[in-house]
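Undergrad: If you scroll down you'll find the structure; I have some questions about it.
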Amino acid sequence: MRFLLTVASAVVMIGIAVPAYADDGDGADISNDKDFLAELRQVGVTYQNPDNAVAAAKSVCQLVDDGKSVGEILTELRSRNPSFQGTSAAKFTALAAAHYCPEYMSGGGLQDGAAGRS
């Protein structure tokens, strides 16, 4: 229970601190990817391959679309990347949602467990 509260707190804190990004279709996605990777480094989340990190981030939105809870998403991310220790997976999830599916950061699904994007 304490771990879940820590994860939820990390998701909320990063969600508050990170501005929402929208993909306008003309190069914004590349800029968004670069911003996402820079913010990962800022919060101390490391990655070996930037393309894989971006793909994993985009998969967070699909997991929420599929009705997965925050706990299930964190478990999935950790199973794909065992180096996620402590709150790294929560930080990654929060930043991924803020950059690739920001509607979930404002109560549209990620914080309360599951939802579908319209």
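A note on labels: chains of the structure tokens are A, B, ... as shown, every chain counts residues from 1, and ligands are counted from 1 in their shown order.
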For Phe36 in chain A, list every protein, DNA or RNA residue within 8 Å, evaluated using only C-alpha atoms, and leave out those in the same chain fewer than 5 positions away; present the list as a JSON list (two decimals) with N, CA and C atoms, in the first residue's frame.

TA:
```
[["chain", "number", "residue", "atom", "x", "y", "z"],
["A", 54, "VAL", "N", 11.18, 6.12, -26.50],
["A", 54, "VAL", "CA", 10.01, 6.81, -27.06],
["A", 54, "VAL", "C", 8.91, 5.79, -27.36],
["A", 95, "LEU", "N", 5.76, 11.05, -17.21],
["A", 95, "LEU", "CA", 6.29, 11.85, -18.32],
["A", 95, "LEU", "C", 5.74, 11.36, -19.65],
["A", 96, "ALA", "N", 5.62, 10.05, -19.81],
["A", 96, "ALA", "CA", 5.06, 9.51, -21.05],
["A", 96, "ALA", "C", 3.64, 10.01, -21.27],
["A", 99, "HIS", "N", 3.50, 13.72, -22.21],
["A", 99, "HIS", "CA", 3.97, 14.03, -23.55],
["A", 99, "HIS", "C", 3.12, 13.41, -24.66]]
```

Undergrad: Can you measure CA of Gln48 in chain A to CA of Glu72 in chain A for me? One decimal in Å is fine.

TA: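 The value is 23.4 Å.
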
Undergrad: So, counting only C-alpha atoms, which residue among A:Ala38, A:Ala90, A:Ala55, A:Ala98 is closest to Ile73 in chain A?

TA: A:Ala90

Undergrad: May I ask which of the residues A:Val45, A:Lys58, A:Asp65, A:Val70 is the closest one to Asp33 in chain A, counting only C-alpha atoms?

TA: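 Looking at the shortest contact to Asp33 in chain A, the residue is A:Lys58.
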
Undergrad: Return the single residue from A:Ala57, A:Arg78, A:Gly71, A:Glu39 that is closest to Thr93 in chain A, with distances computed using only C-alpha atoms.

TA: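 Smallest distance to Thr93 in chain A is found for A:Ala57.
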
Undergrad: Could you jot down the CA of Tyr100 in chain A to CA of Asp29 in chain A separation for me, Å, one decimal place?

TA: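 Interatomic distance here is 9.0 Å.
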
Undergrad: Leaving out Tyr47 in chain A and any residue of its chain fewer than 4 positions from it, which residues lie within 12 Å of it when counting only C-alpha atoms, given as an mmCIF file with C-alpha atoms, in the first residue's frame?

TA:
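Result file out_0.cif:
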```
data_model
loop_
_atom_site.group_PDB
_atom_site.id
_atom_site.type_symbol
_atom_site.label_atom_id
_atom_site.label_comp_id
_atom_site.auth_asym_id
_atom_site.auth_seq_id
_atom_site.Cartn_x
_atom_site.Cartn_y
_atom_site.Cartn_z
ATOM 1 C CA PHE A 36 10.501 13.789 -23.472
ATOM 2 C CA LEU A 37 14.016 12.340 -23.556
ATOM 3 C CA ALA A 38 15.468 15.516 -22.034
ATOM 4 C CA GLU A 39 12.934 15.437 -19.213
ATOM 5 C CA LEU A 40 13.715 11.781 -18.531
ATOM 6 C CA ARG A 41 17.349 12.763 -18.038
ATOM 7 C CA ASP A 51 13.947 5.146 -30.042
ATOM 8 C CA ASN A 52 13.056 2.333 -27.653
ATOM 9 C CA ALA A 53 12.393 4.815 -24.841
ATOM 10 C CA VAL A 54 10.009 6.806 -27.056
ATOM 11 C CA ALA A 55 8.264 3.617 -28.242
ATOM 12 C CA ALA A 56 7.829 2.470 -24.627
ATOM 13 C CA ALA A 57 6.446 5.882 -23.688
ATOM 14 C CA ASN A 81 12.946 -2.962 -18.417
ATOM 15 C CA PRO A 82 14.238 -4.572 -15.223
ATOM 16 C CA SER A 83 16.495 -1.569 -14.585
ATOM 17 C CA PHE A 84 13.421 0.412 -13.491
ATOM 18 C CA SER A 88 11.747 5.231 -12.087
ATOM 19 C CA ALA A 89 8.809 3.459 -13.724
ATOM 20 C CA PHE A 92 8.628 7.384 -16.806
#
```
